[in-house]
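Notes to accompany the following structure.
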Amino acid sequence: MKVNLRVLLVGALLVVPLVVLLANGFRFDPKIVESPLVGKEAPSFLLVDLEGRSYDFEELRGQPMVINFWATYCVPCIYEHPLLIQAADHYQGRVHFLGVIYQDEPELIRAFNAERGTWGPSLVDNGGRTAIAYGVYGPPETFFIDRDGVIVHKVIGQVDGQTLVDVVEEMLS
């Protein structure tokens with residue numbers, strides 16, 4: 001079997017840089033995406049929940065907020081739902097927990113909440129303007145906003161219990 005050195009060399013020149021690029025990408029956690037909004041004032045919104053009640057960001061200031069963009073088709077959202085119920089119950093009256101519906105149907109959200117319970121109002125984001133203002137890539141994404149309206153932390157993907165507790169406790173201290 002005769003090996004064509006030229007073919008081998010060209011193949012190596014094409015494959016090696018791709019392998020190096022791929023290996024370099026494994027060093028980074030895809031959930032760690034620095035949001036340019038962290039440390040800045042959160043975008044204001046006026047949204048309506050499934051029952052028609054209005055929620056004005058400006059009126060919610062003064063108390064920390066956890067804003068979670070979610071949908072019924074989002075598997076990580078389903079997994080984090082019980083954790084959010086537990087946290088909302090534990091911090092009731094001290095932290096606002098708000099769910100912003102991300103590209104989903106209100107009827108599906110109502111059915112989901114009826115079956116699994118709720119952890120806060122499910123806010124309808126017609127046209128996705130609020131999601132765009134917050135720079136949401138896709139559900140779930142969770143924003144932690146202090147009592148002054150500043151985003152102090154953002155989680156892309158399913159939020160874990162330790163992060164949720166740590167950030168909320170820090171906002172309350």
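Labeling convention for the structure tokens: chains A, B, ... as they appear, residues from 1 per chain, ligands from 1 in order of appearance.
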
Exercise: A:Ala42 partners within 8 Å, only C-alpha atoms, chain neighbours under 4 positions left out, as a compact mmCIF listing (two decimals) with N, CA and C atoms, in the first residue's frame:
```
# COMPACT_ATOMS: atom_id res chain seq x y z
N LEU A 37 -25.96 43.26 30.16
CA LEU A 37 -26.92 43.90 31.06
C LEU A 37 -26.57 43.75 32.53
N TYR A 134 -34.23 42.21 27.00
CA TYR A 134 -33.37 41.51 27.96
C TYR A 134 -32.29 40.66 27.27
N ILE A 145 -32.69 40.66 39.78
CA ILE A 145 -32.70 42.12 39.78
C ILE A 145 -32.83 42.61 41.21
N GLY A 149 -33.40 47.90 40.90
CA GLY A 149 -33.70 47.67 39.49
C GLY A 149 -32.48 47.32 38.66
N VAL A 150 -31.39 46.92 39.30
CA VAL A 150 -30.15 46.58 38.59
C VAL A 150 -30.04 45.07 38.46
N ILE A 151 -29.70 44.60 37.27
CA ILE A 151 -29.49 43.16 37.06
C ILE A 151 -28.17 42.78 37.71
```

**Request:** Considering only C-alpha atoms, return as number ranges by chain whatever protein or nucleic-acid residues lie within 7 Å of A:Thr142, sequence-local ones (same chain, fewer than 3 positions apart) excluded.
**Result:** A: 66-69, 154-156

**Message:** Need the shell around A:Gly128: protein/DNA/RNA residues with any atom at most 12 Å away, counting only C-alpha atoms. Skip same-chain ones fewer than 6 positions apart. Format as a list in words?
**Reply:**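 Those residues are Phe45, Leu47, Phe69, Val100, Ile101, Tyr102, Gln103, Asp104, Tyr134, Gly135, Val136, Tyr137 and Gly138 of chain A.
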
**Message:** Just want the 12 Å neighbourhood of A:Tyr91, counted on only C-alpha atoms, with same-chain residues fewer than 2 positions away dropped. Output as a PyMOL selection string.
**Reply:** chain A and resi 63-66+84-89+93-97+119-120+164-165+168-169+171-172

**Message:** If we count only C-alpha atoms and set the cut-off at 12 Å, which residues sit around A:Tyr79, ignoring sequence neighbours fewer than 3 positions away in its own chain? Please answer as a VMD selection string.
**Reply:** chain A and resid 70 to 76 82 to 85 116 140 157 to 161

File dump, residues just selected, all heavy atoms, as a short mmCIF file (atom, residue, chain, number, x, y, z; two decimals), in the first residue's frame:
```cif
data_model
loop_
_atom_site.label_atom_id
_atom_site.label_comp_id
_atom_site.auth_asym_id
_atom_site.auth_seq_id
_atom_site.Cartn_x
_atom_site.Cartn_y
_atom_site.Cartn_z
N TRP A 70 -39.68 31.57 30.18
CA TRP A 70 -39.90 30.13 30.10
C TRP A 70 -41.00 29.80 29.10
O TRP A 70 -41.71 30.67 28.61
CB TRP A 70 -40.21 29.57 31.47
CG TRP A 70 -41.58 29.93 32.01
CD1 TRP A 70 -41.98 31.15 32.51
CD2 TRP A 70 -42.71 29.09 32.08
NE1 TRP A 70 -43.29 31.08 32.88
CE2 TRP A 70 -43.77 29.83 32.65
CE3 TRP A 70 -42.94 27.76 31.73
CZ2 TRP A 70 -45.03 29.30 32.87
CZ3 TRP A 70 -44.20 27.22 31.97
CH2 TRP A 70 -45.22 27.99 32.53
N ALA A 71 -41.13 28.50 28.82
CA ALA A 71 -42.16 28.01 27.90
C ALA A 71 -42.49 26.56 28.25
O ALA A 71 -41.67 25.86 28.85
CB ALA A 71 -41.67 28.10 26.45
N THR A 72 -43.66 26.12 27.82
CA THR A 72 -44.07 24.75 28.12
C THR A 72 -43.31 23.72 27.29
O THR A 72 -43.19 22.57 27.69
CB THR A 72 -45.58 24.56 27.86
OG1 THR A 72 -45.87 24.89 26.49
CG2 THR A 72 -46.41 25.43 28.78
N TYR A 73 -42.80 24.11 26.14
CA TYR A 73 -42.05 23.18 25.28
C TYR A 73 -40.60 23.03 25.72
O TYR A 73 -39.86 22.23 25.15
CB TYR A 73 -42.10 23.66 23.82
CG TYR A 73 -41.53 25.05 23.61
CD1 TYR A 73 -40.16 25.27 23.51
CD2 TYR A 73 -42.39 26.14 23.52
CE1 TYR A 73 -39.65 26.54 23.33
CE2 TYR A 73 -41.88 27.42 23.34
CZ TYR A 73 -40.52 27.61 23.25
OH TYR A 73 -40.01 28.87 23.07
N CYS A 74 -40.18 23.77 26.71
CA CYS A 74 -38.80 23.81 27.17
C CYS A 74 -38.59 22.79 28.29
O CYS A 74 -39.10 22.96 29.40
CB CYS A 74 -38.50 25.23 27.64
SG CYS A 74 -37.06 25.42 28.66
N VAL A 75 -37.83 21.73 28.00
CA VAL A 75 -37.61 20.67 28.98
C VAL A 75 -36.90 21.18 30.24
O VAL A 75 -37.33 20.87 31.35
CB VAL A 75 -36.88 19.46 28.35
CG1 VAL A 75 -36.51 18.43 29.39
CG2 VAL A 75 -37.73 18.85 27.25
N PRO A 76 -35.82 21.97 30.13
CA PRO A 76 -35.21 22.49 31.36
C PRO A 76 -36.17 23.34 32.19
O PRO A 76 -36.09 23.37 33.41
CB PRO A 76 -34.03 23.32 30.86
CG PRO A 76 -33.71 22.78 29.51
CD PRO A 76 -35.03 22.33 28.94
N PRO A 82 -40.44 23.03 39.74
CA PRO A 82 -40.65 22.77 41.18
C PRO A 82 -39.72 23.59 42.07
O PRO A 82 -40.11 24.03 43.15
CB PRO A 82 -40.37 21.28 41.33
CG PRO A 82 -40.52 20.70 39.97
CD PRO A 82 -40.13 21.79 39.01
N LEU A 83 -38.49 23.80 41.62
CA LEU A 83 -37.54 24.61 42.38
C LEU A 83 -38.03 26.06 42.49
O LEU A 83 -37.95 26.66 43.57
CB LEU A 83 -36.16 24.58 41.69
CG LEU A 83 -35.10 25.50 42.26
CD1 LEU A 83 -34.70 25.07 43.66
CD2 LEU A 83 -33.89 25.52 41.34
N LEU A 84 -38.55 26.59 41.40
CA LEU A 84 -39.07 27.96 41.42
C LEU A 84 -40.31 28.07 42.32
O LEU A 84 -40.48 29.07 43.02
CB LEU A 84 -39.36 28.45 40.01
CG LEU A 84 -38.10 28.70 39.17
CD1 LEU A 84 -38.47 28.85 37.69
CD2 LEU A 84 -37.33 29.90 39.66
N ILE A 85 -41.15 27.04 42.31
CA ILE A 85 -42.32 27.03 43.21
C ILE A 85 -41.85 27.09 44.66
O ILE A 85 -42.34 27.87 45.46
CB ILE A 85 -43.20 25.78 42.97
CG1 ILE A 85 -43.94 25.90 41.63
CG2 ILE A 85 -44.20 25.60 44.12
CD1 ILE A 85 -44.72 24.64 41.25
N ARG A 116 -49.34 21.66 37.21
CA ARG A 116 -48.09 21.62 37.99
C ARG A 116 -47.97 22.69 39.07
O ARG A 116 -47.02 22.67 39.84
CB ARG A 116 -46.90 21.73 37.04
CG ARG A 116 -46.83 20.57 36.07
CD ARG A 116 -45.73 20.79 35.06
NE ARG A 116 -45.74 19.80 34.03
CZ ARG A 116 -44.94 18.75 33.99
NH1 ARG A 116 -44.09 18.52 34.95
NH2 ARG A 116 -45.02 17.90 32.99
N PRO A 140 -34.80 28.23 29.20
CA PRO A 140 -35.05 29.24 30.22
C PRO A 140 -33.86 30.18 30.39
O PRO A 140 -32.72 29.78 30.20
CB PRO A 140 -35.24 28.41 31.48
CG PRO A 140 -34.34 27.22 31.29
CD PRO A 140 -34.38 26.94 29.80
N GLY A 157 -30.15 28.85 30.74
CA GLY A 157 -30.42 27.43 30.96
C GLY A 157 -31.06 27.24 32.32
O GLY A 157 -31.42 28.19 33.01
N GLN A 158 -31.19 26.01 32.70
CA GLN A 158 -31.87 25.65 33.95
C GLN A 158 -31.10 26.19 35.15
O GLN A 158 -29.91 25.96 35.30
CB GLN A 158 -31.97 24.12 34.03
CG GLN A 158 -32.70 23.62 35.25
CD GLN A 158 -32.82 22.11 35.22
OE1 GLN A 158 -32.76 21.48 34.17
NE2 GLN A 158 -32.99 21.50 36.38
N VAL A 159 -31.80 26.93 35.99
CA VAL A 159 -31.18 27.47 37.20
C VAL A 159 -31.11 26.35 38.25
O VAL A 159 -32.03 25.55 38.36
CB VAL A 159 -31.94 28.70 37.73
CG1 VAL A 159 -33.33 28.34 38.25
CG2 VAL A 159 -31.15 29.43 38.80
N ASP A 160 -30.01 26.28 38.97
CA ASP A 160 -29.89 25.27 40.02
C ASP A 160 -30.23 25.91 41.37
O ASP A 160 -30.16 27.12 41.54
CB ASP A 160 -28.48 24.66 40.04
CG ASP A 160 -27.42 25.65 40.43
OD1 ASP A 160 -27.14 25.77 41.64
OD2 ASP A 160 -26.87 26.33 39.53
N GLY A 161 -30.58 25.07 42.32
CA GLY A 161 -31.02 25.53 43.62
C GLY A 161 -30.00 26.36 44.36
O GLY A 161 -30.33 27.37 44.98
#
```

**Item:** Gap from atom CA of A:Thr130 to atom CA of A:Val167 - Å, one decimal
**Value:**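 Calculated distance between atom CA of A:Thr130 and atom CA of A:Val167 is 22.4 Å.
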
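Going from atom CA of A:Thr118 to atom CA of A:His81 covers 8.2 Å.
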
**Message:** For a test of reading the model, state the distance in Å between atom CA of A:Glu51 and atom CA of A:Asp146, rounded to one decimal.
**Reply:**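 Interatomic distance, atom CA of A:Glu51 to atom CA of A:Asp146: 26.4 Å.
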